[in-house]
file my_file-v9.cif (mmCIF, C-alpha atoms)
data_data
loop_
_atom_site.group_PDB
_atom_site.id
_atom_site.type_symbol
_atom_site.label_atom_id
_atom_site.label_comp_id
_atom_site.auth_asym_id
_atom_site.auth_seq_id
_atom_site.Cartn_x
_atom_site.Cartn_y
_atom_site.Cartn_z
ATOM 1 C CA MET A 99 -61.968 2.364 63.233
ATOM 2 C CA SER A 100 -65.100 0.248 62.925
ATOM 3 C CA ASN A 101 -64.938 -3.523 62.859
ATOM 4 C CA ASP A 102 -66.136 -3.385 59.242
ATOM 5 C CA ASN A 103 -62.725 -2.001 58.236
ATOM 6 C CA LEU A 104 -60.766 -4.668 60.115
ATOM 7 C CA LEU A 105 -59.230 -7.734 58.470
ATOM 8 C CA SER A 106 -59.943 -11.284 59.492
ATOM 9 C CA ILE A 107 -56.896 -13.329 60.498
ATOM 10 C CA GLY A 108 -57.215 -15.286 57.255
ATOM 11 C CA GLY A 109 -57.312 -12.154 55.117
ATOM 12 C CA PHE A 110 -54.462 -10.610 57.099
ATOM 13 C CA ALA A 111 -52.405 -13.777 56.589
ATOM 14 C CA LEU A 112 -52.886 -13.528 52.820
ATOM 15 C CA LEU A 113 -51.854 -9.871 52.699
ATOM 16 C CA SER A 114 -48.900 -10.218 55.067
ATOM 17 C CA GLY A 115 -47.515 -13.538 53.842
ATOM 18 C CA LEU A 116 -47.483 -14.912 57.394
ATOM 19 C CA SER A 117 -49.096 -18.197 58.382
ATOM 20 C CA LEU A 118 -51.993 -18.411 60.820
ATOM 21 C CA HIS A 119 -49.724 -20.263 63.240
ATOM 22 C CA ALA A 120 -47.105 -17.484 63.040
ATOM 23 C CA LEU A 121 -49.706 -14.762 63.581
ATOM 24 C CA ARG A 122 -51.031 -16.496 66.691
ATOM 25 C CA HIS A 123 -47.497 -16.920 68.020
ATOM 26 C CA TYR A 124 -46.528 -13.293 67.353
ATOM 27 C CA ASP A 125 -49.667 -12.255 69.218
ATOM 28 C CA GLU A 126 -48.734 -14.454 72.191
ATOM 29 C CA VAL A 127 -45.242 -12.936 72.453
ATOM 30 C CA GLY A 128 -46.513 -9.380 71.976
ATOM 31 C CA LEU A 129 -44.713 -8.775 68.685
ATOM 32 C CA LEU A 130 -47.815 -8.336 66.533
ATOM 33 C CA PRO A 131 -51.009 -8.157 68.616
ATOM 34 C CA PRO A 132 -54.262 -7.905 66.680
ATOM 35 C CA ALA A 133 -56.371 -4.759 66.843
ATOM 36 C CA VAL A 134 -59.335 -6.627 68.310
ATOM 37 C CA VAL A 135 -59.800 -10.017 69.935
ATOM 38 C CA ASP A 136 -63.350 -11.232 70.416
ATOM 39 C CA PRO A 137 -63.676 -12.004 74.164
ATOM 40 C CA ASP A 138 -66.098 -14.854 73.524
ATOM 41 C CA THR A 139 -64.563 -16.618 70.529
ATOM 42 C CA GLY A 140 -60.935 -15.451 70.706
ATOM 43 C CA TYR A 141 -61.200 -14.479 67.032
ATOM 44 C CA ARG A 142 -58.499 -12.023 65.952
ATOM 45 C CA ARG A 143 -58.963 -9.044 63.641
ATOM 46 C CA TYR A 144 -56.263 -6.687 62.328
ATOM 47 C CA ARG A 145 -56.020 -3.135 61.042
ATOM 48 C CA PRO A 146 -54.878 -2.722 57.404
ATOM 49 C CA ASP A 147 -51.976 -0.513 58.552
ATOM 50 C CA GLN A 148 -50.542 -3.503 60.468
ATOM 51 C CA VAL A 149 -49.730 -5.280 57.206
ATOM 52 C CA GLN A 150 -46.463 -3.350 56.771
ATOM 53 C CA ARG A 151 -45.154 -4.398 60.206
ATOM 54 C CA ALA A 152 -46.200 -7.979 59.526
ATOM 55 C CA ARG A 153 -44.314 -8.023 56.229
ATOM 56 C CA LEU A 154 -41.208 -6.586 57.901
ATOM 57 C CA ILE A 155 -41.387 -9.314 60.547
ATOM 58 C CA GLY A 156 -41.650 -11.925 57.797
ATOM 59 C CA ALA A 157 -38.643 -10.482 55.961
ATOM 60 C CA LEU A 158 -36.492 -10.484 59.093
ATOM 61 C CA ARG A 159 -37.553 -14.004 60.079
ATOM 62 C CA LYS A 160 -36.591 -15.246 56.599
ATOM 63 C CA VAL A 161 -32.980 -14.374 57.462
ATOM 64 C CA ASP A 162 -33.418 -16.215 60.793
ATOM 65 C CA LEU A 163 -33.256 -13.123 62.990
ATOM 66 C CA PRO A 164 -34.395 -14.134 66.521
ATOM 67 C CA LEU A 165 -37.706 -12.675 67.678
ATOM 68 C CA ASP A 166 -36.169 -10.502 70.406
ATOM 69 C CA GLU A 167 -33.865 -8.940 67.826
ATOM 70 C CA VAL A 168 -36.738 -8.562 65.342
ATOM 71 C CA ARG A 169 -38.555 -6.566 68.022
ATOM 72 C CA GLN A 170 -35.468 -4.412 68.588
ATOM 73 C CA VAL A 171 -35.008 -3.678 64.883
ATOM 74 C CA LEU A 172 -38.666 -2.721 64.511
ATOM 75 C CA ASP A 173 -39.123 -0.739 67.715
ATOM 76 C CA ASP A 174 -35.773 0.840 68.628
ATOM 77 C CA PRO A 175 -35.759 4.465 67.416
ATOM 78 C CA ASP A 176 -31.959 4.572 67.182
ATOM 79 C CA PRO A 177 -30.810 3.639 63.633
ATOM 80 C CA ILE A 178 -27.297 2.897 64.892
ATOM 81 C CA THR A 179 -28.646 0.296 67.313
ATOM 82 C CA ARG A 180 -30.793 -1.274 64.593
ATOM 83 C CA LYS A 181 -27.816 -1.479 62.256
ATOM 84 C CA ALA A 182 -25.666 -3.019 65.000
ATOM 85 C CA VAL A 183 -28.256 -5.757 65.591
ATOM 86 C CA LEU A 184 -28.363 -6.627 61.897
ATOM 87 C CA THR A 185 -24.578 -6.488 61.532
ATOM 88 C CA ARG A 186 -24.073 -8.832 64.485
ATOM 89 C CA HIS A 187 -26.575 -11.281 63.031
ATOM 90 C CA GLN A 188 -24.833 -11.092 59.662
ATOM 91 C CA GLN A 189 -21.561 -12.065 61.350
ATOM 92 C CA GLU A 190 -23.216 -14.984 63.121
ATOM 93 C CA LEU A 191 -24.725 -16.220 59.850
ATOM 94 C CA ALA A 192 -21.302 -16.011 58.189
ATOM 95 C CA GLU A 193 -19.796 -18.187 60.916
ATOM 96 C CA ARG A 194 -22.647 -20.678 60.627
ATOM 97 C CA ALA A 195 -22.144 -20.781 56.853
ATOM 98 C CA HIS A 196 -18.460 -21.514 57.392
ATOM 99 C CA THR A 197 -19.316 -24.340 59.791
ATOM 100 C CA LEU A 198 -21.877 -25.794 57.376
ATOM 101 C CA SER A 199 -19.340 -25.612 54.560
ATOM 102 C CA ARG A 200 -16.906 -27.671 56.637
ATOM 103 C CA MET A 201 -19.662 -30.195 57.359
ATOM 104 C CA VAL A 202 -20.422 -30.528 53.642
ATOM 105 C CA HIS A 203 -16.724 -31.083 52.966
ATOM 106 C CA THR A 204 -16.620 -33.781 55.662
ATOM 107 C CA LEU A 205 -19.712 -35.482 54.221
ATOM 108 C CA ASP A 206 -18.100 -35.464 50.775
ATOM 109 C CA HIS A 207 -15.184 -37.326 52.322
ATOM 110 C CA TYR A 208 -17.524 -39.820 54.042
ATOM 111 C CA ILE A 209 -19.396 -40.458 50.784
ATOM 112 C CA GLU A 210 -16.175 -41.021 48.907
ATOM 113 C CA HIS A 211 -14.210 -42.991 51.507
ATOM 114 C CA GLY A 212 -16.756 -44.214 54.057
ATOM 115 C CA VAL A 213 -17.299 -43.287 57.689
ATOM 116 C CA ALA A 214 -14.654 -44.314 60.205
ATOM 117 C CA MET A 215 -14.305 -43.632 63.934
ATOM 118 C CA PRO A 216 -11.954 -40.653 64.320
ATOM 119 C CA GLN A 217 -8.592 -41.644 65.679
ATOM 120 C CA VAL A 218 -6.660 -39.430 68.078
ATOM 121 C CA THR A 219 -3.182 -39.295 66.565
ATOM 122 C CA SER A 220 -1.622 -36.889 69.061
ATOM 123 C CA PRO A 221 -2.535 -35.389 72.443
ATOM 124 C CA ARG A 222 -4.533 -32.186 72.472
ATOM 125 C CA ILE A 223 -6.235 -30.138 75.189
ATOM 126 C CA VAL A 224 -9.959 -30.886 75.437
ATOM 127 C CA GLN A 225 -10.802 -29.293 78.808
ATOM 128 C CA VAL A 226 -9.897 -26.116 80.667
ATOM 129 C CA THR A 227 -11.296 -25.076 84.065
ATOM 130 C CA ILE A 228 -11.938 -21.419 84.839
ATOM 131 C CA ASN A 229 -13.157 -19.380 87.799
ATOM 132 C CA VAL A 230 -15.995 -16.979 87.055
ATOM 133 C CA ARG A 231 -17.323 -13.989 88.942
ATOM 134 C CA SER A 232 -20.924 -14.691 87.937
ATOM 135 C CA LEU A 233 -22.244 -17.808 86.214
ATOM 136 C CA SER A 234 -25.070 -15.900 84.519
ATOM 137 C CA GLU A 235 -22.588 -13.290 83.260
ATOM 138 C CA ALA A 236 -20.233 -16.002 82.000
ATOM 139 C CA ARG A 237 -23.078 -17.855 80.282
ATOM 140 C CA ALA A 238 -24.222 -14.702 78.500
ATOM 141 C CA PHE A 239 -20.660 -13.996 77.336
ATOM 142 C CA TYR A 240 -19.625 -17.440 76.068
ATOM 143 C CA GLU A 241 -23.001 -18.283 74.549
ATOM 144 C CA HIS A 242 -23.062 -14.986 72.629
ATOM 145 C CA VAL A 243 -19.417 -14.791 71.572
ATOM 146 C CA PHE A 244 -18.668 -18.455 70.839
ATOM 147 C CA ALA A 245 -22.155 -20.005 70.550
ATOM 148 C CA ALA A 246 -21.023 -22.375 73.312
ATOM 149 C CA GLU A 247 -23.782 -24.508 74.839
ATOM 150 C CA PHE A 248 -23.742 -24.667 78.645
ATOM 151 C CA ASN A 249 -24.259 -28.161 80.069
ATOM 152 C CA GLU A 250 -25.515 -27.669 83.623
ATOM 153 C CA GLU A 251 -25.037 -31.328 84.539
ATOM 154 C CA ILE A 252 -21.269 -31.068 84.112
ATOM 155 C CA SER A 253 -21.030 -27.285 84.685
ATOM 156 C CA SER A 254 -19.251 -26.812 81.359
ATOM 157 C CA PHE A 255 -19.538 -24.887 78.145
ATOM 158 C CA GLN A 256 -19.436 -27.490 75.414
ATOM 159 C CA ILE A 257 -17.931 -26.597 72.053
ATOM 160 C CA GLY A 258 -18.415 -29.218 69.358
ATOM 161 C CA THR A 259 -19.620 -32.756 70.059
ATOM 162 C CA TRP A 260 -17.930 -36.001 71.022
ATOM 163 C CA PRO A 261 -16.517 -37.752 69.100
ATOM 164 C CA GLY A 262 -15.265 -34.923 66.947
ATOM 165 C CA GLU A 263 -12.133 -32.928 66.288
ATOM 166 C CA GLU A 264 -13.762 -29.731 67.599
ATOM 167 C CA PHE A 265 -14.862 -31.194 70.959
ATOM 168 C CA PHE A 266 -13.774 -28.985 73.875
ATOM 169 C CA LEU A 267 -15.058 -28.412 77.418
ATOM 170 C CA LEU A 268 -14.679 -25.093 79.196
ATOM 171 C CA THR A 269 -15.568 -26.079 82.751
ATOM 172 C CA VAL A 270 -16.698 -23.592 85.380
ATOM 173 C CA ALA A 271 -15.052 -24.351 88.735
ATOM 174 C CA HIS A 272 -17.390 -25.704 91.394
ATOM 175 C CA GLU A 273 -16.462 -27.056 94.799
ATOM 176 C CA PRO A 274 -15.839 -29.674 96.026
ATOM 177 C CA ASN A 275 -15.778 -31.913 92.952
ATOM 178 C CA HIS A 276 -14.046 -29.602 90.532
ATOM 179 C CA PRO A 277 -12.006 -26.834 92.207
ATOM 180 C CA GLY A 278 -10.670 -24.069 90.037
ATOM 181 C CA PRO A 279 -7.181 -22.645 89.494
ATOM 182 C CA ALA A 280 -5.552 -20.275 91.964
ATOM 183 C CA GLY A 281 -6.457 -17.294 89.775
ATOM 184 C CA PRO A 282 -7.600 -16.415 86.276
ATOM 185 C CA SER A 283 -6.956 -18.983 83.540
ATOM 186 C CA ARG A 284 -5.520 -18.507 80.070
ATOM 187 C CA PHE A 285 -6.426 -20.677 77.110
ATOM 188 C CA GLY A 286 -6.620 -20.462 73.331
ATOM 189 C CA LEU A 287 -9.405 -21.078 70.820
ATOM 190 C CA LEU A 288 -9.364 -21.458 67.060
ATOM 191 C CA VAL A 289 -12.125 -19.388 65.446
ATOM 192 C CA ALA A 290 -13.429 -19.133 61.907
ATOM 193 C CA ASP A 291 -13.145 -15.335 61.713
ATOM 194 C CA LEU A 292 -10.711 -13.883 64.230
ATOM 195 C CA ASP A 293 -11.520 -10.209 63.704
ATOM 196 C CA THR A 294 -15.275 -10.771 63.923
ATOM 197 C CA VAL A 295 -15.047 -12.867 67.087
ATOM 198 C CA HIS A 296 -12.564 -10.436 68.671
ATOM 199 C CA LYS A 297 -14.943 -7.521 68.089
ATOM 200 C CA ARG A 298 -17.944 -9.513 69.305
ATOM 201 C CA ALA A 299 -16.063 -10.365 72.500
ATOM 202 C CA LEU A 300 -15.328 -6.675 73.137
ATOM 203 C CA ASP A 301 -18.956 -5.783 72.463
ATOM 204 C CA ALA A 302 -19.991 -8.446 74.999
ATOM 205 C CA GLY A 303 -17.843 -6.966 77.774
ATOM 206 C CA ALA A 304 -14.369 -8.412 77.238
ATOM 207 C CA ALA A 305 -11.233 -6.327 77.776
ATOM 208 C CA GLU A 306 -8.737 -6.167 74.932
ATOM 209 C CA ILE A 307 -5.310 -7.491 75.922
ATOM 210 C CA GLU A 308 -3.778 -7.716 72.446
ATOM 211 C CA PRO A 309 -5.433 -6.523 69.217
ATOM 212 C CA PRO A 310 -5.540 -8.831 66.171
ATOM 213 C CA ALA A 311 -2.102 -9.109 64.594
ATOM 214 C CA ASP A 312 -0.173 -11.217 62.106
ATOM 215 C CA ARG A 313 3.022 -12.890 63.284
ATOM 216 C CA PRO A 314 5.419 -15.076 61.271
ATOM 217 C CA TRP A 315 5.502 -17.984 63.734
ATOM 218 C CA LYS A 316 1.761 -18.552 64.322
ATOM 219 C CA PRO A 317 -1.668 -17.839 62.841
ATOM 220 C CA ARG A 318 -3.211 -14.382 63.049
ATOM 221 C CA SER A 319 -4.100 -13.966 66.708
ATOM 222 C CA SER A 320 -5.371 -11.683 69.442
ATOM 223 C CA CYS A 321 -6.092 -11.841 73.159
ATOM 224 C CA VAL A 322 -9.071 -10.716 75.250
ATOM 225 C CA ALA A 323 -10.051 -11.084 78.896
ATOM 226 C CA ASP A 324 -13.560 -12.318 79.636
ATOM 227 C CA PRO A 325 -15.716 -10.466 82.224
ATOM 228 C CA SER A 326 -14.154 -12.586 85.001
ATOM 229 C CA GLY A 327 -10.566 -11.831 83.922
ATOM 230 C CA ASN A 328 -9.785 -15.154 82.210
ATOM 231 C CA ARG A 329 -7.585 -14.525 79.182
ATOM 232 C CA ILE A 330 -8.575 -16.021 75.846
ATOM 233 C CA ASP A 331 -6.066 -16.228 73.010
ATOM 234 C CA LEU A 332 -7.929 -16.222 69.699
ATOM 235 C CA PHE A 333 -6.358 -17.829 66.646
ATOM 236 C CA GLN A 334 -7.504 -17.653 63.048
ATOM 237 C CA SER A 335 -8.317 -21.200 61.907
#
call {"tool": "encode", "arguments": {"input": "my_file-v9.cif", "output": "structure tokens"}}
result
Amino acid sequence: MSNDNLLSIGGFALLSGLSLHALRHYDEVGLLPPAVVDPDTGYRRYRPDQVQRARLIGALRKVDLPLDEVRQVLDDPDPITRKAVLTRHQQELAERAHTLSRMVHTLDHYIEHGVAMPQVTSPRIVQVTINVRSLSEARAFYEHVFAAEFNEEISSFQIGTWPGEEFFLLTVAHEPNHPGPAGPSRFGLLVADLDTVHKRALDAGAAEIEPPADRPWKPRSSCVADPSGNRIDLFQS
């Protein structure tokens, strides 16, 4: 194709609906490289048949799909894999929506009654220490399944923020300052959608100990073992 048939980056931006900044970034990460880059000026030019891919990228980014998963949806030939990526993201968005809804409810309370320092009215567990077989494996598991942020300074997965009712530290044992238990640990977590989190844990490498079930004396619950053998009781919040 001659350069006369190529689109300037400005024209391509208009046709695709993507910004110039986004197009440059997608080029840098290899998601949408231009057809030609002028070696002297760095000016980018695109083929008209690239517009469809650009529009698909824009559509997927509008639902906040991460770039690596956008690439997988666009490039993986297996439709089952593509559907699984989108389904997993849908579940994550649903959990985020639930969390945001709770935040809105809390803000409504603050607006109506004012903001006060939360008071601890009864003891509750805020830290559990676990042994792990591989820190990188554990990080991948807990970050994916529970969206837990790993704080390297304190060697802990942090769930929620302090002060807050959801604050919880899942500390990875490290000698000599914080030795771990004699074997695998067992602890429980409240989750917004038990069945979704249970399935996501299995997909991330957990072993199923008890499937989700309803019992008269406690919330709907299940149990899985993380890749290092620590057992996690999941409870429907």
call {"tool": "resolve_selection", "arguments": {"input": "my_file-v9.cif", "expression": "the PyMOL selection byres ((chain A and resi 308) around 9)", "output": "list in words"}}
result
Glu306, Ile307, Pro309, Pro310, Ala311, Ser319, Ser320, Cys321, Val322 and Asp331 of chain A
call {"tool": "atom_distance", "arguments": {"input": "my_file-v9.cif", "atom1": "atom CA of Val270 of chain A", "atom2": "atom CA of Ser232 of chain A"}}
result
10.2 Å
call {"tool": "residues_around", "arguments": {"input": "my_file-v9.cif", "residues": "Leu112 of chain A", "least_positions_apart": "3", "cutoff": "12 Å", "atoms": "all atoms listed in the file", "output": "list in words"}}
result
Leu105, Ser106, Ile107, Gly108, Gly109, Gly115, Leu116, Ser117, Leu118, Leu121, Pro146, Val149, Ala152 and Arg153 of chain A
call {"tool": "residues_around", "arguments": {"input": "my_file-v9.cif", "residues": "Thr259 of chain A", "least_positions_apart": "4", "cutoff": "12 Å", "atoms": "only C-alpha atoms", "output": "number ranges by chain"}}
result
A: 224, 246-247, 249, 255, 263-267
call {"tool": "closest_atom_pairs", "arguments": {"input": "my_file-v9.cif", "of": "segment 151-203 of chain A", "to": "segment 125-144 of chain A", "cutoff": "10 Å", "atoms": "only C-alpha atoms", "output": "tab-separated table"}}
result
residue	atom	partner	partner_atom	distance
A:Arg151	CA	A:Leu130	CA	7.9
A:Ala152	CA	A:Leu130	CA	7.2
A:Ile155	CA	A:Leu129	CA	8.8
A:Leu165	CA	A:Leu129	CA	8.1
A:Asp166	CA	A:Leu129	CA	8.9
A:Val168	CA	A:Leu129	CA	8.6
A:Arg169	CA	A:Leu129	CA	6.6
A:Leu172	CA	A:Leu129	CA	9.5
A:Asp173	CA	A:Leu129	CA	9.8
call {"tool": "decode", "arguments": {"input": "my_file-v9.cif", "residues": "segment 306-321 of chain A", "atoms": "N, CA, C and O atoms", "output": "mmCIF file, in the first residue's frame"}}
result
data_model
loop_
_atom_site.group_PDB
_atom_site.id
_atom_site.type_symbol
_atom_site.label_atom_id
_atom_site.label_comp_id
_atom_site.auth_asym_id
_atom_site.auth_seq_id
_atom_site.Cartn_x
_atom_site.Cartn_y
_atom_site.Cartn_z
ATOM 1 N N GLU A 306 -10.409 -26.951 46.049
ATOM 2 C CA GLU A 306 -11.699 -26.860 46.742
ATOM 3 C C GLU A 306 -11.729 -27.816 47.922
ATOM 4 O O GLU A 306 -11.528 -29.021 47.770
ATOM 5 N N ILE A 307 -11.987 -27.284 49.107
ATOM 6 C CA ILE A 307 -12.134 -28.100 50.314
ATOM 7 C C ILE A 307 -13.611 -28.365 50.582
ATOM 8 O O ILE A 307 -14.030 -29.492 50.817
ATOM 9 N N GLU A 308 -14.415 -27.295 50.519
ATOM 10 C CA GLU A 308 -15.861 -27.428 50.683
ATOM 11 C C GLU A 308 -16.530 -26.525 49.657
ATOM 12 O O GLU A 308 -16.187 -25.346 49.552
ATOM 13 N N PRO A 309 -17.474 -27.028 48.886
ATOM 14 C CA PRO A 309 -18.172 -26.189 47.905
ATOM 15 C C PRO A 309 -19.113 -25.210 48.617
ATOM 16 O O PRO A 309 -19.445 -25.408 49.793
ATOM 17 N N PRO A 310 -19.551 -24.165 47.939
ATOM 18 C CA PRO A 310 -20.511 -23.235 48.555
ATOM 19 C C PRO A 310 -21.758 -23.970 49.023
ATOM 20 O O PRO A 310 -22.300 -24.822 48.319
ATOM 21 N N ALA A 311 -22.200 -23.616 50.240
ATOM 22 C CA ALA A 311 -23.376 -24.281 50.807
ATOM 23 C C ALA A 311 -24.055 -23.357 51.803
ATOM 24 O O ALA A 311 -23.422 -22.498 52.419
ATOM 25 N N ASP A 312 -25.355 -23.543 51.950
ATOM 26 C CA ASP A 312 -26.138 -22.790 52.932
ATOM 27 C C ASP A 312 -26.326 -23.640 54.181
ATOM 28 O O ASP A 312 -26.673 -24.827 54.098
ATOM 29 N N ARG A 313 -26.090 -23.025 55.336
ATOM 30 C CA ARG A 313 -26.256 -23.716 56.610
ATOM 31 C C ARG A 313 -27.075 -22.830 57.550
ATOM 32 O O ARG A 313 -26.948 -21.593 57.485
ATOM 33 N N PRO A 314 -27.874 -23.416 58.428
ATOM 34 C CA PRO A 314 -28.788 -22.602 59.240
ATOM 35 C C PRO A 314 -28.091 -21.750 60.299
ATOM 36 O O PRO A 314 -28.667 -20.778 60.763
ATOM 37 N N TRP A 315 -26.863 -22.105 60.681
ATOM 38 C CA TRP A 315 -26.232 -21.412 61.805
ATOM 39 C C TRP A 315 -25.193 -20.369 61.382
ATOM 40 O O TRP A 315 -24.567 -19.730 62.234
ATOM 41 N N LYS A 316 -24.984 -20.178 60.078
ATOM 42 C CA LYS A 316 -23.995 -19.191 59.632
ATOM 43 C C LYS A 316 -24.294 -18.785 58.196
ATOM 44 O O LYS A 316 -25.102 -19.432 57.517
ATOM 45 N N PRO A 317 -23.653 -17.720 57.714
ATOM 46 C CA PRO A 317 -23.911 -17.304 56.332
ATOM 47 C C PRO A 317 -23.497 -18.383 55.335
ATOM 48 O O PRO A 317 -22.746 -19.304 55.668
ATOM 49 N N ARG A 318 -23.972 -18.253 54.118
ATOM 50 C CA ARG A 318 -23.531 -19.139 53.036
ATOM 51 C C ARG A 318 -22.009 -19.122 53.011
ATOM 52 O O ARG A 318 -21.376 -18.059 53.079
ATOM 53 N N SER A 319 -21.396 -20.302 52.892
ATOM 54 C CA SER A 319 -19.949 -20.373 53.051
ATOM 55 C C SER A 319 -19.357 -21.474 52.185
ATOM 56 O O SER A 319 -20.057 -22.348 51.666
ATOM 57 N N SER A 320 -18.037 -21.413 52.052
ATOM 58 C CA SER A 320 -17.282 -22.444 51.349
ATOM 59 C C SER A 320 -15.863 -22.421 51.902
ATOM 60 O O SER A 320 -15.521 -21.590 52.745
ATOM 61 N N CYS A 321 -15.030 -23.332 51.418
ATOM 62 C CA CYS A 321 -13.642 -23.360 51.872
ATOM 63 C C CYS A 321 -12.743 -23.782 50.707
ATOM 64 O O CYS A 321 -13.059 -24.731 49.986
#
